[in-house]
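Participant: Right, I'll just put the structure down here and ask away after.
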Amino acid sequence: MTDDLAELYQTTYAAVVRFLYRKVWDADRAEDLAQEVFVRAMSHKPDKPRAWVFAVAANLARDEARAAVRRKRHLTLLKNDPAPLSAPTPSPEAQVERDEKLDCVHDALRTLTPRDQEVLLLWDAGLSYPEIAERTGLAVGAVGTTLARARKRLVEAYDKQQLHQQAARS
Amino acid sequence: MTSSSFISKRHVPEEELHAYLDQALSRSQCVEIESHLALCPSCREARDEIAALRDRTTSLLAVLAPPVVHTPPVAEIRQRVRQRSNRRQRVVRRTAWAASILFAVATGWAGRQWLPEAEGGPSLAPSAPVVTVARSDSVGALDTGRDSANQSRDERPPAAPVDPAPVEHLAVAPESTTTAPAGTVTTADPPRFRASLMPSEAALKVSSASLPSGNELAGDGVWRSLSWAGAQKENANEWIPRVEGLPVVDVQIKQSTAKDQKPLMVVSQRLASGEVIRTVEGPSAEVSELLSRQSGQSVTAPFELVGDSATPQDPQPRAPNVGRILAIQGSISLDSLRTLLLRLR
């Protein structure tokens, strides 16, 4: 393995975990997959490692989602599936608050089209416009347009969710 | 985002402000936008809104993250890469082994298909099945020493060097003609090397080939006939393949043309029934050539040479063993040959 890949690993691992988490919604699984991504990267030694890493991460997440659908189909009786977004935090109130916000953002993100989601998440993971363009097949010029739309929609959808929740509470 | 479009009078489109704030524009594009912004309050306002939207998006997405992410040490990932490449090498080795089997089978088949049986001339033993045992490359070039050790541990049956452990894989149905022959001759010297059958690949493969008769061991090079004692004396440091418990009729040796290369050996042994079986060990090409010259059948399985503990100065099979194969011939059933194969020492 080259030192470049080791450095990329150090600087990008957390971003890859986040990127995967937003697709598989399971922290442990996201970490497993992120490690798998870097194991593959270090075996393949790709030319453009950063874009490659996220491309492989996206593929693994997609496979994971398909497998999850299959599992659901086969295990319809499985009711004790833990809430996917729960995460341990110190105080119960803080956790409830965090979970609510997380649910809202999660739902807001799901209102976006798959392409808008992908571009937004890739941007947030630290990819450049050309890297996002290469990954998604968009023209570089279209990445800004897509991001503009995705950001606006995410915030709008989130605000709507918040309004719903407030209405539900009162 | 074309640079010519940034005339100071024209307002900057929203997506260009996103790209601008995302630092995705060229220096000259930035200069154009900044010169417009300096003169246009509405575009400055739009820029500030977009900057806020951008920050808000980032902070919202930040919620969508595992609470804590610890980056494992790089060494851990490297370790997994190594393990995986080792596994891949094992697969390659197994594939190579399977290819050698196919080669032996195909060679035999071709021999039967295309060469008339008469071409082999009169045989001492009638046309008979042959058991070919291909070496596993325990000292394969791909391996580091450590991997090699793992490899052996993985694939060798625990008692393999002494005991024909893989019997259960081979589904052998021995015939009475081959078991416990009378007049057994054993030698005082323990064998220096032993053939250890690899356990993982189940079936011995059958191919069509048989050896030419003793007088027909043609090809280049000089053949010599020796008694078992003579052969042992002459090849004190070599492993001479033979089926344990059967009297040795003779040992035929063809010295290789290449210096330092172990010779091609044909060890003839007599069964209780009077049939003669022969064990051939030599460079795979030469053995294959021998096999291809006549019709018949062969059964193949991998083996590896294990240095006997009595010879610590030679802990590993020497390089000349690489690329050699082992064959048994006899005019008996394949099942019997399989049984004999397991008794090879």
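If you're wondering about the labels, chains in the structure tokens are A, B, ... by order shown, residues count from 1 in each chain, ligands from 1 in order shown.
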Each residue of chain A lying at most 6 Å from chain B should get a row with its shortest atom-to-atom pair and the distance in Å to one decimal, counting only C-alpha atoms; could you produce that, ordered by chain and increasing number, as a Markdown table?
Facilitator:
| residue | atom | partner | partner_atom | distance |
| --- | --- | --- | --- | --- |
| A:Arg18 | CA | B:Ala65 | CA | 5.2 |
| A:Ala27 | CA | B:Pro66 | CA | 5.3 |
| A:Val39 | CA | B:Val81 | CA | 5.5 |
| A:Leu102 | CA | B:Val63 | CA | 5.9 |
| A:Gly144 | CA | B:Glu15 | CA | 5.0 |
| A:Thr145 | CA | B:Glu15 | CA | 4.8 |
| A:Ala148 | CA | B:Glu15 | CA | 5.6 |
Participant: Can you list, as a ChimeraX atom specification, every protein, DNA or RNA residue that comes within 9 Å of Leu109 in chain A when you count only C-alpha atoms, leaving out same-chain residues fewer than 2 positions away?
Facilitator: /A:104-107,111-113,117,150,153-154,157-158 /B:61
Participant: Next, the residues of the selection above should be written as a compact mmCIF listing (two decimals), in the first residue's frame with N, CA and C atoms.
Facilitator:
# COMPACT_ATOMS: atom_id res chain seq x y z
N CYS A 104 -36.21 13.58 11.73
CA CYS A 104 -36.67 14.64 10.84
C CYS A 104 -35.74 14.79 9.65
N VAL A 105 -34.43 14.84 9.92
CA VAL A 105 -33.48 15.02 8.81
C VAL A 105 -33.53 13.81 7.89
N HIS A 106 -33.61 12.66 8.53
CA HIS A 106 -33.69 11.43 7.74
C HIS A 106 -34.88 11.47 6.78
N ASP A 107 -36.05 11.82 7.36
CA ASP A 107 -37.25 11.89 6.52
C ASP A 107 -37.12 12.96 5.45
N THR A 111 -37.11 12.74 1.05
CA THR A 111 -38.01 13.39 0.09
C THR A 111 -37.25 13.80 -1.18
N LEU A 112 -35.93 13.82 -1.10
CA LEU A 112 -35.14 14.19 -2.27
C LEU A 112 -35.10 13.04 -3.28
N THR A 113 -34.89 13.39 -4.54
CA THR A 113 -34.72 12.33 -5.53
C THR A 113 -33.40 11.62 -5.25
N GLN A 117 -30.06 13.31 -3.63
CA GLN A 117 -29.48 12.76 -2.39
C GLN A 117 -28.02 12.42 -2.58
N ALA A 150 -30.99 20.52 -4.23
CA ALA A 150 -31.01 19.55 -3.12
C ALA A 150 -30.97 20.25 -1.77
N ARG A 153 -34.34 21.89 -1.06
CA ARG A 153 -35.39 20.91 -0.76
C ARG A 153 -35.20 20.28 0.61
N LEU A 154 -33.96 20.00 0.94
CA LEU A 154 -33.70 19.37 2.23
C LEU A 154 -34.16 20.29 3.36
N ALA A 157 -37.98 20.63 3.40
CA ALA A 157 -38.62 19.41 3.91
C ALA A 157 -38.41 19.30 5.42
N TYR A 158 -37.23 19.66 5.88
CA TYR A 158 -36.95 19.58 7.31
C TYR A 158 -37.85 20.54 8.08
N LEU B 61 -27.12 17.77 8.04
CA LEU B 61 -26.53 16.48 7.67
C LEU B 61 -25.59 15.97 8.77
Participant: As an exercise, work out the distance from CA of Val248 in chain B to CA of Gly108 in chain B in Å and give it to one decimal place.
Facilitator: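 Here the two named atoms are 26.0 Å from each other.
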Participant: Using only C-alpha atoms, determine which residues lie at most 10 Å from Leu60 in chain A, disregarding the query and same-chain residues fewer than 3 positions distant; provide the list as a compact mmCIF listing (two decimals) with C-alpha atoms, in the first residue's frame.
Facilitator:
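So result38.txt came out as:
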# COMPACT_ATOMS: atom_id res chain seq x y z
CA LEU A 20 -22.34 4.95 4.50
CA LYS A 23 -27.34 4.94 3.40
CA VAL A 24 -27.46 1.92 5.68
CA ALA A 30 -21.35 1.61 8.27
CA LEU A 33 -18.46 -1.40 5.19
CA ALA A 34 -16.05 1.54 5.43
CA GLU A 36 -14.18 -3.14 3.62
CA VAL A 37 -13.95 -0.16 1.27
CA PHE A 54 -16.83 6.71 -2.44
CA ALA A 55 -17.91 4.87 -5.57
CA VAL A 56 -17.19 1.54 -3.89
CA ALA A 57 -18.88 2.73 -0.70
CA ASP A 63 -25.87 -4.10 -2.20
CA GLU A 64 -26.51 -3.81 1.50
CA ALA A 65 -29.88 -2.20 0.91
CA ARG A 66 -30.84 -4.98 -1.51
Participant: Taking the DSSP assignment computed from this structure's backbone, write out as a VMD selection string all residues of range 224-281 of chain B that belong to alpha helix (DSSP H).
Facilitator: chain B and resid 228 to 234
Participant: Quick one: write out the picked residues with C-alpha atoms as a PDB file, in the first residue's frame?
Facilitator:
ATOM      1  CA  TRP B 228      15.682 -52.056  -5.175  1.00  0.00           C
ATOM      2  CA  ALA B 229      18.776 -52.357  -2.998  1.00  0.00           C
ATOM      3  CA  GLY B 230      20.932 -50.962  -5.780  1.00  0.00           C
ATOM      4  CA  ALA B 231      18.596 -48.077  -6.380  1.00  0.00           C
ATOM      5  CA  GLN B 232      18.484 -47.260  -2.690  1.00  0.00           C
ATOM      6  CA  LYS B 233      22.232 -47.354  -2.450  1.00  0.00           C
ATOM      7  CA  GLU B 234      22.648 -45.137  -5.452  1.00  0.00           C
TER       8      GLU B 234
END
Participant: So how far away is CA of Pro263 in chain B from CA of Val105 in chain B, in Å?
Facilitator: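 We find that CA of Val105 in chain B and CA of Pro263 in chain B lie 23.6 Å from each other.
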Participant: For Trp123 in chain A, please output as a PyMOL selection string all residues within 10 Å (counting only C-alpha atoms; exclusion window: fewer than 4 positions along the same chain).
Facilitator: (chain A and resi 19+117-119+127-129+131-132+143+147) or (chain B and resi 22+58)
Participant: One decimal, Å: what's the distance from CA of Lys152 in chain A over to CA of Ala51 in chain B, could you say?
Facilitator: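 CA of Ala51 in chain B lies at a distance of 11.6 Å from CA of Lys152 in chain A.
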Participant: Skipping near chain neighbours, those fewer than 4 positions away, what residues fall within 8 Å of Glu275 in chain B using only C-alpha atoms, listed as number ranges by chain?
Facilitator: B: 125, 270-271, 330-332
Participant: Those same residues - C-alpha atoms - I'd like them written as a compact mmCIF listing (two decimals), in the first residue's frame.
Facilitator:
# COMPACT_ATOMS: atom_id res chain seq x y z
CA ALA B 125 2.40 -55.71 -18.27
CA ARG B 270 4.75 -57.30 -7.93
CA LEU B 271 1.33 -57.84 -6.43
CA GLY B 330 -0.97 -51.58 -12.98
CA SER B 331 -3.34 -53.90 -14.80
CA ILE B 332 -5.82 -53.83 -11.95
Participant: Here is a test: counting only C-alpha atoms, which residue of B:Cys40, B:Leu264, B:Leu226, B:Val243 is nearest to Val276 in chain B?
Facilitator: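 Checking each of B:Cys40, B:Leu264, B:Leu226, B:Val243 against Val276 in chain B, counting only C-alpha atoms, the winner is B:Val243.
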Participant: Check the smallest atom-to-atom distance from each of A:Val69, A:Asp159, A:Ser43, A:Arg22 to Leu120 in chain A using only C-alpha atoms, then report the winner.
Facilitator: A:Arg22
